Amino acid sequence: MSIDELSKYSAKKWHAAANRELANPETRLFIGGEFVDAINKGRFDTINPANGNVLASMSAGDAADIDAAVAAAKKAFRGWSRTAPRERMEILYRYVELLGENAEQLAVLESLDMGKPISDVLAIDLPGCQDTIQFMAEYIDKIEGSVTSTEADVLHYVLREPLGVVAAISPWNYPMLMAIWKIAPAIAAGNTVVLKPAEQAPLSCLLLAKLFIEAGAPPGVFNVVNGIGEVAGKALALHNDVAKVTFTGSTEVGKLMLQYAGQSNMKRVSLECGGKSPQIFMADVADMESAVSAAYNGIFSNMGEVCNAGSRLLVDRPIYDEFIERFIATGKNAYQPGDPLDPLTNMGPMVTHDAQKRVLSYVEIANKEGAKLQFGGDVPTALKAGAYVNPTLFTGVNNSMRIAREEIFGPVAAVIPFDGVDEAIAIANDTIYGLAASVWTQNLSRAHKLVREIEAGVVWVNCFDEGDMTQPFGGYKQSGNARDKCVESLLSYTQSKSAWIRLD
Ligand code: NAD
């Protein structure tokens, strides 16, 4: 069944697919090309956030399983890194096809586990995974070294080689896509991988690994150890046979990764962490309608559980009242919480009931700090069993309030007024984060000035959250130090070797 055909499924069909998946879900670890139980028999439950039901009891890996997975990856490295580039490319191209052929299963697992609307999985997550693998595969035989200019009696060439075993530690907000943003460039460059997915959404990545073997990859190239972050994640990041840890998650845990590297073998650490992205709407914005829809889509899509969510809406004073009026008129009902398996639903629950509590606690904090609640801030009455939060808008926010400073990771928009471009820049940069930003203006010089001045890895002008595989995605400041998606990402899984040869 193609993704296009699946887009025509009814809620009833998706529930039938969910029942099939839940009859006998795969819960084991995937090591050396096989599903295996955790050595010490640890378990944890994964919960459906839409209704609070247990989806599956998963094998919980610990240090012993991490040892086994790293050993399998280490063993596979020699063969995989020496496989002809064309052969690796063929395997990755087949992998792209297999993701399409298994889209129903992948989509339903992702939606059940994370609460993501099924229509988003089909429109965004799965095509995003395929594009990433395709892009990285196409580059495999274009990774080149160089021959430098030297005196006549010397030949100096620089080789670009893979690193070895890569540890990937991923978050739950796009469980497959964030994992693939790491795994695809790592394996394309000739490394082998041990993935530790987030414990809130552990199901889909097991199938991703299995499909990679079906695509023709040797066992051990892609291993998955589910488990608790402080146990399995920590053991993996501390492992002395791991050459690099590539992490996406919170800034707090990102800092731990740097410590683990220092406490072990100085492994490379690449970090994609949190954000508090500003969208800046200047008074001369050309198209108020698209600006306002970018504002609410930028914070309400994927339930606001997006690292680059446009959570701070900086609005120039002359258009402030009109902006808010339009936001309420068109944005208040644009996202309707509902059953994630209904293709008409565009907003699911928060990933867990704890996440729901956390988001609601920020509503209380904002109220106490004097922000004005315009709508939302509560739980949809008909969906009490799930971890739902209604889309929420606060106005009259200033940048020192906690809702403007801390990553809420939920559908909570904060509108902050400003006076003129200099104040906009000052507010935009007054944050520990620097993942993304956008600027809305008709003035070309002002747009370029803002692009220069804003401390963020990605700046969009007159749009939000657009891009393709060529776009480096990653943060400044405490949003991290890595770049995903682009050629730079692929090369970050390689290292150079210099061969200086005396010829006489
Ligand atoms: P998290 O930091 O809680 O967890 C991320 C991963 O780290 C999980 O696999 C978790 O099990 C593991 N982990 C937790 N504690 C650990 C420890 N002590 N040692 C080793 N591993 C540990 O983050 P999350 O809640 O899963 O994801 C949300 C966060 O991810 C947000 O801050 C979001 O902004 C960020 N994020 C960033 C990007 C980006 O590209 N910059 C993309 C998506 C998400």
# chains A, B, ... in the order shown; residues from 1 in each chain; ligands from 1
call {"tool": "residues_around", "arguments": {"residues": "Glu423 (chain A)", "least_positions_apart": "4", "cutoff": "12 Å", "atoms": "only C-alpha atoms", "output": "list of chain:residue names"}}
result
A:Ile280, A:Met282, A:Leu314, A:Val315, A:Asp316, A:Arg317, A:Asn399, A:Ile416, A:Pro417, A:Phe418, A:Asp419, A:Ile427, A:Ala428, A:Asn429, A:Asp430, A:Leu450, A:Glu453, A:Ile454
call {"tool": "write_last_selection", "arguments": {"atoms": "N, CA, C and O atoms", "output": "compact mmCIF listing (two decimals), in the first residue's frame"}}
result
# COMPACT_ATOMS: atom_id res chain seq x y z
N ILE A 280 9.32 37.11 14.02
CA ILE A 280 9.27 38.57 14.14
C ILE A 280 8.38 39.14 13.04
O ILE A 280 8.67 38.97 11.84
N MET A 282 7.21 42.42 11.41
CA MET A 282 7.43 43.87 11.33
C MET A 282 6.14 44.54 10.84
O MET A 282 5.30 43.91 10.19
N LEU A 314 6.87 37.83 18.12
CA LEU A 314 7.27 39.22 18.38
C LEU A 314 6.56 40.09 17.35
O LEU A 314 6.79 39.94 16.14
N VAL A 315 5.69 40.98 17.84
CA VAL A 315 4.85 41.75 16.93
C VAL A 315 5.09 43.25 17.12
O VAL A 315 4.99 43.76 18.24
N ASP A 316 5.36 43.92 15.99
CA ASP A 316 5.61 45.36 15.98
C ASP A 316 4.35 46.07 16.48
O ASP A 316 3.23 45.73 16.06
N ARG A 317 4.55 47.06 17.35
CA ARG A 317 3.41 47.70 18.02
C ARG A 317 2.32 48.19 17.05
O ARG A 317 1.13 47.96 17.31
N ASN A 399 9.46 39.50 27.63
CA ASN A 399 10.47 38.45 27.43
C ASN A 399 11.12 37.96 28.71
O ASN A 399 11.90 37.01 28.69
N ILE A 416 4.57 38.84 22.10
CA ILE A 416 5.37 39.87 22.77
C ILE A 416 5.41 41.11 21.87
O ILE A 416 5.90 41.02 20.74
N PRO A 417 4.92 42.26 22.34
CA PRO A 417 5.00 43.46 21.49
C PRO A 417 6.40 44.06 21.51
O PRO A 417 7.14 43.87 22.48
N PHE A 418 6.77 44.76 20.42
CA PHE A 418 8.05 45.48 20.42
C PHE A 418 7.90 46.77 19.62
O PHE A 418 6.95 46.94 18.85
N ASP A 419 8.88 47.66 19.81
CA ASP A 419 8.88 48.93 19.08
C ASP A 419 10.13 49.01 18.21
O ASP A 419 11.22 49.29 18.71
N ILE A 427 15.17 41.46 21.71
CA ILE A 427 14.30 40.45 22.34
C ILE A 427 14.57 39.07 21.73
O ILE A 427 14.69 38.07 22.44
N ALA A 428 14.68 39.05 20.40
CA ALA A 428 14.89 37.75 19.73
C ALA A 428 16.13 37.06 20.28
O ALA A 428 16.13 35.85 20.51
N ASN A 429 17.19 37.83 20.53
CA ASN A 429 18.46 37.23 20.96
C ASN A 429 18.56 37.05 22.48
O ASN A 429 19.51 36.42 22.96
N ASP A 430 17.58 37.58 23.21
CA ASP A 430 17.64 37.49 24.67
C ASP A 430 17.10 36.12 25.12
O ASP A 430 15.99 36.00 25.66
N LEU A 450 18.25 41.67 9.63
CA LEU A 450 17.75 40.75 10.67
C LEU A 450 18.38 39.37 10.55
O LEU A 450 18.73 38.74 11.55
N GLU A 453 21.70 39.67 12.15
CA GLU A 453 21.73 39.98 13.58
C GLU A 453 21.18 38.87 14.47
O GLU A 453 21.52 38.77 15.64
N ILE A 454 20.30 38.08 13.92
CA ILE A 454 19.64 37.08 14.78
C ILE A 454 20.57 35.88 15.02
O ILE A 454 21.15 35.33 14.09
call {"tool": "residues_near_ligand", "arguments": {"ligand": "ligand 1", "cutoff": "7 Å", "atoms": "only C-alpha atoms and all ligand atoms", "output": "count of residues only"}}
result
43
call {"tool": "atom_distance", "arguments": {"atom1": "CA of Gln263 (chain A)", "atom2": "CA of Trp80 (chain A)"}}
result
28.8 Å
call {"tool": "residues_around", "arguments": {"residues": "Ala366 (chain A)", "least_positions_apart": "5", "cutoff": "9 Å", "atoms": "only C-alpha atoms", "output": "PyMOL selection string"}}
result
chain A and resi 361+371-373+394+397+401-403
call {"tool": "select_by_dssp", "arguments": {"residues": "region 12-124 of chain A", "states": "strand (DSSP E)", "output": "list in words"}}
result
Leu29, Phe30, Ile31, Glu34, Phe35, Val36, Arg43, Phe44, Asp45, Thr46, Ile47, Val54, Leu55, Ala56, Ser57, Met58 and Ser59 of chain A
call {"tool": "closest_atom_pairs", "arguments": {"of": "region 333-357 of chain A", "to": "region 290-300 of chain A", "cutoff": "10 Å", "atoms": "only C-alpha atoms", "output": "JSON lines"}}
result
{"residue": "A:Ala334", "atom": "CA", "partner": "A:Tyr296", "partner_atom": "CA", "distance": 8.2}
{"residue": "A:Tyr335", "atom": "CA", "partner": "A:Phe300", "partner_atom": "CA", "distance": 7.0}
{"residue": "A:Gln336", "atom": "CA", "partner": "A:Phe300", "partner_atom": "CA", "distance": 9.9}
{"residue": "A:Asn346", "atom": "CA", "partner": "A:Phe300", "partner_atom": "CA", "distance": 9.3}
{"residue": "A:Met347", "atom": "CA", "partner": "A:Phe300", "partner_atom": "CA", "distance": 7.9}
call {"tool": "residues_around", "arguments": {"residues": "region 33-46 of chain A", "least_positions_apart": "4", "cutoff": "9 Å", "atoms": "only C-alpha atoms", "output": "PyMOL selection string"}}
result
chain A and resi 26-29+53-62+64-65+72+113+199-203+206+209-210+213+218-223+225+227-228
call {"tool": "select_by_dssp", "arguments": {"residues": "region 265-500 of chain A", "states": "alpha helix (DSSP H)", "output": "MDAnalysis selection string"}}
result
chainID A and resid 288:300 320:326 353:369 402:405 420:429 444:453 487:491
call {"tool": "closest_residue", "arguments": {"among": "A:Met136, A:Val359, A:Ile408, A:Ala68", "to": "Arg312 (chain A)", "atoms": "only C-alpha atoms"}}
result
A:Ile408
call {"tool": "closest_residue", "arguments": {"among": "A:Ala179, A:Ala50, A:Ala167, A:Val458", "to": "Leu238 (chain A)", "atoms": "only C-alpha atoms"}}
result
A:Ala167
call {"tool": "closest_residue", "arguments": {"among": "A:Ser2, A:Asn462, A:Thr150, A:Asn226", "to": "Gly100 (chain A)", "atoms": "only C-alpha atoms"}}
result
A:Ser2
call {"tool": "closest_residue", "arguments": {"among": "A:Ile432, A:Leu99, A:Ala482, A:Ala404", "to": "Leu211 (chain A)", "atoms": "only C-alpha atoms"}}
result
A:Leu99
call {"tool": "residues_around", "arguments": {"residues": "Ala69 (chain A)", "least_positions_apart": "5", "cutoff": "7 Å", "atoms": "only C-alpha atoms", "output": "list in words"}}
result
Ile31, Gly32, Val194 and Asn223 of chain A
call {"tool": "closest_residue", "arguments": {"among": "A:Ser277, A:Leu98, A:Glu90, A:Val389", "to": "Ala456 (chain A)", "atoms": "only C-alpha atoms"}}
result
A:Ser277
